[in-house]
Each structure stands twice: as structure tokens, then as C-alpha cells.
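Read through the structure below, which is laid out as C-alpha cells, and then see the notes.
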Amino acid sequence: MSTKALPFDHAFIEQLAQEYPTPFHLYDEKSIRENARRLNVAFQWSEGFREYFAVKATPNPHILKILKDEGFGADCSSMAELILSEKVGITGEEIMFTSNDTPACEYAKARELRATINLDDISHIDYLDANVGLSELICFRYNPGPLREGNVIIGSPEEAKYGFMREQLFEGYRKCRDKGVSRFGLHTMVASNELNAEFFVETARMLFELAIEIAEKTDIRLEFVNLGGGIGIPYRPEEEPVNLEAVSAGVKAAYDEMIVPAGLDPLRICMENGRMVTGPYGFLVTRAIHSKEIYKSYVGVDSCMANLMRPGMYGAYHHITVLGKEDAPCDTTVDVVGSLCENNDKFAIDRQLPKIETGDFLVIHDAGAHGHSMGFQYNGKLRSAELLLQEDGSVRQIRRAETLDDYFATLDFSTL
Ligand SMILES: *Cc1c(COP(=O)(O)O)cnc(C)c1O
């Protein structure tokens with residue numbers, strides 16, 4: 001049987017569920033920190049390397065605080081994400097503001113926090129200038145179009161709404177310089193959940209080549225390149241994590257071969273991963289409440305796609321462990337489903353699992369990024385609590401579960 005390791009066991013969860021009813025998301029602080037350190041160590045050759053955690057993956061201030069501790073900045077794309085970062089003391093150039101279709105009020109907040117503003121389109125130079133003023137440091141998001149292949153989550157770059165086309169970059173940098181901007185960066189984000197280390201090395205090469213061409217054509221020297229996020233995680237037990245040391249070594253080789261001889265060293269390198277930072281270290285813990293035999297066999301659990309949308313939205317695989325039955329044979333085939341009145345509310349389809357009884361705890365793996373955060377309230381479903389398994393083994397609630405009062409808070413029944 002293929003397995004995935006867990007930082008807790010059945011007895012631990014049984015005890016925990018007495019205090020915090022299922023479903024809940026549980027994050028493993030120790031592993032989050034170890035992984036963050038691994039990324040920083042891998043890139044320590046690169047002076048000023050910084051990872052800006054993509055806040056949308058796990059927008060919880062307690063998680064952001066752990067990552068700030070480890071030297072990460074924040075990659076924000078909305079007002080709420082900017083405010084969350086501000087509240088944990090991540091400000092100034094520790095924030096990368098990579099938004100699109102951005103309203104003026106969000107640019108104003110980003111300016112107030114002195115965040116690095118990453119423009120999604122050439123028309124936003126004038127928009128930013130007219131509404132809040134250009135900052136001293138400006139970054140552009142590059143969309144390589146047909147020059148690169150994307151993948152299913154982010155789509156083909158040519159079909160993606162994001163970024164500047166190649167020629168627009170040169171025009172944009174000149175325009176910003178003419179308007180008094182003195183510091184420049186370049187960003188791209190072309191894939192998500194990519195497991196091939198070489199892909200990120202190619203992204204670095206693409207940006208290094210552009211940095212050289214920008215210097216030649218405009219005489220503008222970039223301060224940094226941001227390779228974007230998108231480092232994948234092994235959702236399936238047979239998959240391997242991305243070798244960060246291999247990514248780093250490949251990027252370094254490209255840097256030494258391209259940037260150094262061009263006289264553009266030092267050029268800071270940054271990334272803005274979400275998934276690989278928290279994804280594998282968060283678990284959705286839920287309980288079987290029903291089983292049903294019709295044309296197929298179903299196990300109904302007490303959570304639904306409001307708690308984890310990826311399987312329903314992308315058909316994404318999330319591994320499931322039945323606690324206490326880790327060594328039992330996987331000799332039944334079931335769909336594991338939630339209670340939403342939508343037939344795609346299925347955590348697993350035709351999954352081989354040990355025989356599940358009502359009351360069993362199911363752990364849905366790799367829910368730490370784009371899990372709780374994608375939650376919604378359709379069908380009156382409420383978002384669950386978030387719990388943190390701390391380094392000393394104790395558990396702290398870092399977000400309470402929603403209640404019906406939260407759900408009804410925006411309604412005024414008195415005017416009925
Ligand atoms: C979502 C997103 C990220 C993070 O993506 P992951 O796949 O979680 O690493 C980074 N940058 C931008 C601009 C994004 O939209």
C-alpha cells in the first residue's frame with residue numbers, strides 16, 4: 001500500500017477532536033519551518049535572495065508570522081492580504097504586491113506600506129501615476145506567451161490574462177524612467193504545481209536573458225528578478241518533491257554563465273511560492289458519518305468542498321489516510337464525498353481504501369495551501385477552524401470555525 005507520513009496518530013486526533021470538533025485544518029509548524037529553512041539554505045549563494053510567501057495560499061496571520069520569522073516576505077494581491085501582512089509586521093519591500101485588474105484603493109494601500117508594486121499591464125503605469133503616484137521601485141510581470149508552456153492549473157501563457165508582452169516591457173521601463181522611477185524589477189509566473197526542477201531553471205534563464213536585453217536596449221539595470229511561485233508538491237505518494245538544491249544549482253549555473261559576464265552581478269533573485277511552503281504541512285481532518293451503497297459505494301464525511309475545493313474544482317488528487325487503519329489492506333473502492341448539493345463535491349473517486357466505518361477519522365493530505373483559503377459558503381456551508389500543531393507538540397487554535405451567526409451577519413432580518 002502506498003502511504004504518506006503524518007506528524008500525528010489516531011490517539012492524538014481522537015483526543016484533539018474532543019476539544020475541537022471535526023472538520024478542522026491542522027498545520028505542522030515544525031515541518032513548515034524546516035522546509036522554509038531548506039529553501040533559504042538552498043539559495044544562500046544568492047545575495048539578498050528572498051521568498052515572498054503567496055498569502056492567498058494560507059492567509060492566516062499566525063502562519064505568516066512563522067514565515068516572517070524564517071525571513072520570508074509576503075506576496076499579496078488584494079487589500080485583505082496587504083492588511084494581513086501589515087498586521088504581522090511585514091511591510092515595505094518585504095511585500096511584493098503582484099495583483100491584476102487592480103483597483104486604485106489597493107494601489108494606494110500598497111504605496112502606503114511602501115510595498116514593491118508589480119504592474120500587470122503597461123496601461124497601469126499611467127493608472128498608478130494618475131491615482132496614487134509612481135513609486136521609486138517598480139516591477140513588471142512578464143507573460144512570455146508562445147515562448148513558454150504553462151500547465152493545467154495556470155493554463156497556457158497565451159491564454160493567460162496576466163502580464164506584459166515582451167515588447168511592452170522595453171517600452172514600459174523607458175516610460176517609467178522618464179517619469180522618474182529609478183529602481184526596477186522583473187517578474188514572471190508561468191506555471192503552478194510544477195514538479196520538474198528544470199522548469200524553474202528555464203524560467204531563470206528566460207528572465208536573465210531579458211535582464212541582459214533590457215540593459216542593452218534601455219540602459220536600465222534591473223535590481224531583481226522574481227521567478228514567481230509554482231513549485232509543485234507530491235500530492236501522490238509515488239511522486240517526488242522538487243529538489244530545491246537542484247533548482248538552486250541550475251539557477252546559479254545560469255547566473256554565472258549569463259549575468260556575471262554581462263556585468264549585471266549583483267542581481268537579486270526572489271520567488272513567491274505558496275503551495276510548496278505550506279501545502280504538504282496542512283491536513284484536513286474529517287470524520288466518516290455515513291456510508292451508502294447504490295450504483296457505487298460512497299463514504300460521506302462531515303466536511304465538503306467548502307473546506308477543500310481542489311478535488312472538485314480541478315479533479316486534483318489528495319491522498320487520504322484512514323487513521324488507525326494505516327496498515328489495513330486497501331480492499332474497498334469508494335467515493336469519499338461531502339454534503340454539498342453538487343455532484344462534484346467528492347474528495348476522492350474510485351479510491352482504494354481500507355474498509356471505513358462510521359466515526360473513523362479521515363486525514364486528507366496536502367491541504368495546507370489553497371485549502372481552507374479557497375473556502376466558500378455556498379449551500380450554507382461554514383468554514384472550519386484552523387489549528388496549529390506547535391513545535392512543542394501542543395495544539396493552538398489559530399482561527400475558530402465559522403458559526404451560523406457569521407453566515408447571517410450580513411443580513412438584516414429586522415426589515416423583513
Ligand atoms: C498563486 C500565485 C502564487 C503562488 O502559487 P503557488 O502555486 O502556490 O506557488 C505566486 N504568485 C502569483 C502571482 C500567484 O498568483
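Ordering of the C-alpha cells sets the chain letters (A, B, ...); residue numbers start at 1 within each chain; ligands are numbered from 1 in the order shown.
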Within 6 Å of ligand 1, which residues of chain A show up? Give each one with its shortest atom-to-atom distance in Å (one decimal) and the two atoms involved, counting only C-alpha atoms and all ligand atoms, rows by chain then rising residue number, as a Markdown table.
```
| residue | atom | partner | partner_atom_place_in_ligand_line | distance |
| --- | --- | --- | --- | --- |
| A:Ala54 | CA | ligand 1 | 4 (C) | 4.9 |
| A:Ala57 | CA | ligand 1 | 8 (O) | 5.8 |
| A:Thr98 | CA | ligand 1 | 13 (C) | 5.4 |
| A:Ser192 | CA | ligand 1 | 7 (O) | 4.2 |
| A:Asn193 | CA | ligand 1 | 7 (O) | 5.3 |
| A:Gly228 | CA | ligand 1 | 11 (N) | 5.3 |
| A:Gly229 | CA | ligand 1 | 9 (O) | 3.8 |
| A:Gly230 | CA | ligand 1 | 9 (O) | 3.6 |
| A:Ile231 | CA | ligand 1 | 9 (O) | 5.4 |
| A:Glu272 | CA | ligand 1 | 10 (C) | 4.9 |
| A:Asn273 | CA | ligand 1 | 9 (O) | 3.5 |
| A:Gly274 | CA | ligand 1 | 8 (O) | 3.4 |
| A:Arg275 | CA | ligand 1 | 8 (O) | 3.7 |
```
For Leu16 in chain A, work out the shell of residues within 12 Å, counting only C-alpha atoms and skipping chain neighbours fewer than 2 positions away, then give it as number ranges by chain.
A: 8-14, 18-26, 285, 361, 387-389, 393-397
Kindly export the residues of the current selection with N, CA, C and O atoms, as an mmCIF file, in the first residue's frame.
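And here's part21.cif as it stands now:
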```cif
data_model
loop_
_atom_site.group_PDB
_atom_site.id
_atom_site.type_symbol
_atom_site.label_atom_id
_atom_site.label_comp_id
_atom_site.auth_asym_id
_atom_site.auth_seq_id
_atom_site.Cartn_x
_atom_site.Cartn_y
_atom_site.Cartn_z
ATOM 1 N N PHE A 8 1.183 12.968 13.330
ATOM 2 C CA PHE A 8 0.323 12.643 14.480
ATOM 3 C C PHE A 8 -0.290 11.276 14.222
ATOM 4 O O PHE A 8 -0.186 10.752 13.109
ATOM 5 N N ASP A 9 -0.923 10.717 15.254
ATOM 6 C CA ASP A 9 -1.548 9.407 15.061
ATOM 7 C C ASP A 9 -3.016 9.442 15.494
ATOM 8 O O ASP A 9 -3.550 10.490 15.869
ATOM 9 N N HIS A 10 -3.621 8.283 15.435
ATOM 10 C CA HIS A 10 -5.047 8.166 15.718
ATOM 11 C C HIS A 10 -5.400 8.640 17.121
ATOM 12 O O HIS A 10 -6.342 9.418 17.320
ATOM 13 N N ALA A 11 -4.613 8.202 18.106
ATOM 14 C CA ALA A 11 -4.914 8.552 19.502
ATOM 15 C C ALA A 11 -4.859 10.072 19.696
ATOM 16 O O ALA A 11 -5.700 10.661 20.383
ATOM 17 N N PHE A 12 -3.887 10.691 19.061
ATOM 18 C CA PHE A 12 -3.713 12.142 19.180
ATOM 19 C C PHE A 12 -4.934 12.879 18.636
ATOM 20 O O PHE A 12 -5.469 13.806 19.250
ATOM 21 N N ILE A 13 -5.406 12.445 17.473
ATOM 22 C CA ILE A 13 -6.552 13.122 16.840
ATOM 23 C C ILE A 13 -7.848 12.848 17.608
ATOM 24 O O ILE A 13 -8.697 13.719 17.766
ATOM 25 N N GLU A 14 -7.949 11.646 18.133
ATOM 26 C CA GLU A 14 -9.152 11.305 18.901
ATOM 27 C C GLU A 14 -9.275 12.244 20.101
ATOM 28 O O GLU A 14 -10.340 12.782 20.397
ATOM 29 N N GLN A 18 -11.966 15.917 20.731
ATOM 30 C CA GLN A 18 -12.861 16.158 21.868
ATOM 31 C C GLN A 18 -12.926 17.654 22.168
ATOM 32 O O GLN A 18 -13.946 18.170 22.599
ATOM 33 N N GLU A 19 -11.811 18.352 21.921
ATOM 34 C CA GLU A 19 -11.801 19.794 22.156
ATOM 35 C C GLU A 19 -12.251 20.573 20.919
ATOM 36 O O GLU A 19 -12.965 21.557 21.023
ATOM 37 N N TYR A 20 -11.805 20.120 19.756
ATOM 38 C CA TYR A 20 -12.132 20.807 18.507
ATOM 39 C C TYR A 20 -12.865 19.834 17.599
ATOM 40 O O TYR A 20 -12.242 18.954 17.000
ATOM 41 N N PRO A 21 -14.178 19.998 17.485
ATOM 42 C CA PRO A 21 -14.923 19.039 16.656
ATOM 43 C C PRO A 21 -14.468 19.066 15.188
ATOM 44 O O PRO A 21 -14.082 20.127 14.688
ATOM 45 N N THR A 22 -14.501 17.921 14.548
ATOM 46 C CA THR A 22 -14.174 17.855 13.125
ATOM 47 C C THR A 22 -15.290 18.546 12.343
ATOM 48 O O THR A 22 -16.416 18.608 12.836
ATOM 49 N N PRO A 23 -15.008 19.050 11.131
ATOM 50 C CA PRO A 23 -13.708 19.027 10.481
ATOM 51 C C PRO A 23 -12.837 20.197 10.930
ATOM 52 O O PRO A 23 -13.347 21.223 11.356
ATOM 53 N N PHE A 24 -11.510 20.020 10.839
ATOM 54 C CA PHE A 24 -10.585 21.134 11.051
ATOM 55 C C PHE A 24 -9.356 20.947 10.182
ATOM 56 O O PHE A 24 -9.052 19.838 9.757
ATOM 57 N N HIS A 25 -8.686 22.075 9.933
ATOM 58 C CA HIS A 25 -7.389 22.037 9.257
ATOM 59 C C HIS A 25 -6.323 22.085 10.334
ATOM 60 O O HIS A 25 -6.440 22.857 11.291
ATOM 61 N N LEU A 26 -5.307 21.258 10.201
ATOM 62 C CA LEU A 26 -4.235 21.191 11.191
ATOM 63 C C LEU A 26 -2.907 21.394 10.462
ATOM 64 O O LEU A 26 -2.614 20.702 9.483
ATOM 65 N N VAL A 285 -8.778 17.278 8.610
ATOM 66 C CA VAL A 285 -9.187 16.117 9.406
ATOM 67 C C VAL A 285 -10.709 16.101 9.457
ATOM 68 O O VAL A 285 -11.349 17.087 9.843
ATOM 69 N N PHE A 361 -11.766 8.514 11.545
ATOM 70 C CA PHE A 361 -11.158 9.792 11.153
ATOM 71 C C PHE A 361 -10.438 9.614 9.824
ATOM 72 O O PHE A 361 -9.618 8.700 9.679
ATOM 73 N N LEU A 387 -6.044 24.871 13.060
ATOM 74 C CA LEU A 387 -5.279 24.571 14.267
ATOM 75 C C LEU A 387 -3.804 24.450 13.914
ATOM 76 O O LEU A 387 -3.455 24.033 12.810
ATOM 77 N N LEU A 388 -2.973 24.822 14.870
ATOM 78 C CA LEU A 388 -1.532 24.740 14.649
ATOM 79 C C LEU A 388 -0.927 23.728 15.615
ATOM 80 O O LEU A 388 -1.063 23.870 16.839
ATOM 81 N N LEU A 389 -0.304 22.702 15.052
ATOM 82 C CA LEU A 389 0.476 21.754 15.856
ATOM 83 C C LEU A 389 1.838 22.407 16.057
ATOM 84 O O LEU A 389 2.624 22.528 15.116
ATOM 85 N N GLY A 393 4.635 20.208 20.435
ATOM 86 C CA GLY A 393 3.657 19.124 20.397
ATOM 87 C C GLY A 393 2.265 19.546 20.829
ATOM 88 O O GLY A 393 1.304 18.787 20.691
ATOM 89 N N SER A 394 2.137 20.776 21.352
ATOM 90 C CA SER A 394 0.807 21.237 21.766
ATOM 91 C C SER A 394 0.077 21.842 20.565
ATOM 92 O O SER A 394 0.699 22.182 19.555
ATOM 93 N N VAL A 395 -1.237 21.990 20.714
ATOM 94 C CA VAL A 395 -2.056 22.500 19.610
ATOM 95 C C VAL A 395 -2.697 23.820 20.018
ATOM 96 O O VAL A 395 -3.197 23.963 21.125
ATOM 97 N N ARG A 396 -2.646 24.779 19.099
ATOM 98 C CA ARG A 396 -3.250 26.087 19.341
ATOM 99 C C ARG A 396 -4.221 26.380 18.205
ATOM 100 O O ARG A 396 -3.909 26.155 17.040
ATOM 101 N N GLN A 397 -5.401 26.878 18.577
ATOM 102 C CA GLN A 397 -6.369 27.259 17.541
ATOM 103 C C GLN A 397 -5.935 28.606 16.965
ATOM 104 O O GLN A 397 -5.784 29.572 17.705
#
```
Surrounding residues of range 286-298 of chain A excluding itself and chain neighbours under 5 positions, 7 Å, only C-alpha atoms, as a list in words
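The residues satisfying every condition are Thr22, Pro23, Phe24, Ser303, Val334, Asp335, Val336, Val337, Glu357, Thr358, Gly359, Asp360, Phe361, Leu362 and Val363 of chain A.
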Give me a file of those residues, with N, CA and C atoms, as a short mmCIF file (atom, residue, chain, number, x, y, z; two decimals), in the first residue's frame.
```cif
data_model
loop_
_atom_site.label_atom_id
_atom_site.label_comp_id
_atom_site.auth_asym_id
_atom_site.auth_seq_id
_atom_site.Cartn_x
_atom_site.Cartn_y
_atom_site.Cartn_z
N THR A 22 -14.50 17.92 14.55
CA THR A 22 -14.17 17.85 13.12
C THR A 22 -15.29 18.55 12.34
N PRO A 23 -15.01 19.05 11.13
CA PRO A 23 -13.71 19.03 10.48
C PRO A 23 -12.84 20.20 10.93
N PHE A 24 -11.51 20.02 10.84
CA PHE A 24 -10.59 21.13 11.05
C PHE A 24 -9.36 20.95 10.18
N SER A 303 -17.10 16.99 6.24
CA SER A 303 -16.62 18.20 5.58
C SER A 303 -17.11 18.14 4.14
N VAL A 334 -14.20 3.17 -3.02
CA VAL A 334 -15.28 4.08 -2.65
C VAL A 334 -15.07 5.48 -3.23
N ASP A 335 -16.18 6.24 -3.29
CA ASP A 335 -16.09 7.68 -3.49
C ASP A 335 -16.23 8.30 -2.09
N VAL A 336 -15.32 9.21 -1.77
CA VAL A 336 -15.41 9.91 -0.48
C VAL A 336 -16.04 11.27 -0.77
N VAL A 337 -17.21 11.52 -0.19
CA VAL A 337 -18.00 12.67 -0.61
C VAL A 337 -18.38 13.57 0.56
N GLU A 357 -15.49 2.69 8.64
CA GLU A 357 -16.71 2.63 9.44
C GLU A 357 -17.10 4.03 9.89
N THR A 358 -18.37 4.21 10.15
CA THR A 358 -18.85 5.49 10.66
C THR A 358 -18.08 5.83 11.93
N GLY A 359 -17.63 7.08 12.00
CA GLY A 359 -16.84 7.50 13.16
C GLY A 359 -15.34 7.50 12.90
N ASP A 360 -14.91 6.81 11.84
CA ASP A 360 -13.48 6.81 11.52
C ASP A 360 -13.01 8.23 11.17
N PHE A 361 -11.77 8.51 11.55
CA PHE A 361 -11.16 9.79 11.15
C PHE A 361 -10.44 9.61 9.82
N LEU A 362 -10.73 10.50 8.90
CA LEU A 362 -10.00 10.51 7.62
C LEU A 362 -9.13 11.76 7.58
N VAL A 363 -7.87 11.57 7.20
CA VAL A 363 -6.98 12.71 7.04
C VAL A 363 -6.77 12.93 5.55
#
```
Could you pull out the residues in range 207-319 of chain A that DSSP calls strand (DSSP E) from the backbone, as a PyMOL selection string?
chain A and resi 224-226+268-271+282-293+297-301
Would you mind writing down, as a PyMOL selection string, each residue of range 83-283 of chain A that DSSP on the backbone assigns to alpha helix (DSSP H)?
chain A and resi 83-87+104-112+123-131+166-178+197-218+244-254+275-278
With only C-alpha atoms counted and 6 Å as the cut-off, give the residues of range 82-157 of chain A in contact with range 70-78 of chain A, each with its shortest interatomic distance in Å and the pair that gives it, as CSV.
```
residue,atom,partner,partner_atom,distance
A:Leu82,CA,A:Cys76,CA,5.8
A:Glu94,CA,A:Gly73,CA,4.5
A:Ile95,CA,A:Ala74,CA,4.9
A:Met96,CA,A:Asp75,CA,4.7
A:Phe97,CA,A:Cys76,CA,4.9
A:Thr98,CA,A:Ser77,CA,5.2
A:Ser99,CA,A:Ser77,CA,4.2
```
Output file for the residues above (N, CA and C atoms, as a short mmCIF file (atom, residue, chain, number, x, y, z; two decimals), in the first residue's frame):
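Result went into part.cif, see below:
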```cif
data_model
loop_
_atom_site.label_atom_id
_atom_site.label_comp_id
_atom_site.auth_asym_id
_atom_site.auth_seq_id
_atom_site.Cartn_x
_atom_site.Cartn_y
_atom_site.Cartn_z
N LEU A 82 -2.85 42.58 1.89
CA LEU A 82 -1.94 43.65 2.32
C LEU A 82 -2.12 43.93 3.81
N GLU A 94 9.44 44.11 2.01
CA GLU A 94 9.17 42.70 2.36
C GLU A 94 7.84 42.26 1.73
N ILE A 95 7.12 43.22 1.14
CA ILE A 95 5.87 42.88 0.44
C ILE A 95 6.08 43.05 -1.06
N MET A 96 5.67 42.04 -1.78
CA MET A 96 5.62 42.11 -3.23
C MET A 96 4.12 42.18 -3.53
N PHE A 97 3.68 43.26 -4.19
CA PHE A 97 2.26 43.39 -4.50
C PHE A 97 2.04 43.02 -5.96
N THR A 98 1.71 41.74 -6.17
CA THR A 98 1.51 41.19 -7.51
C THR A 98 0.02 40.99 -7.73
N SER A 99 -0.64 42.02 -8.23
CA SER A 99 -2.10 41.94 -8.40
C SER A 99 -2.41 42.05 -9.88
#
```
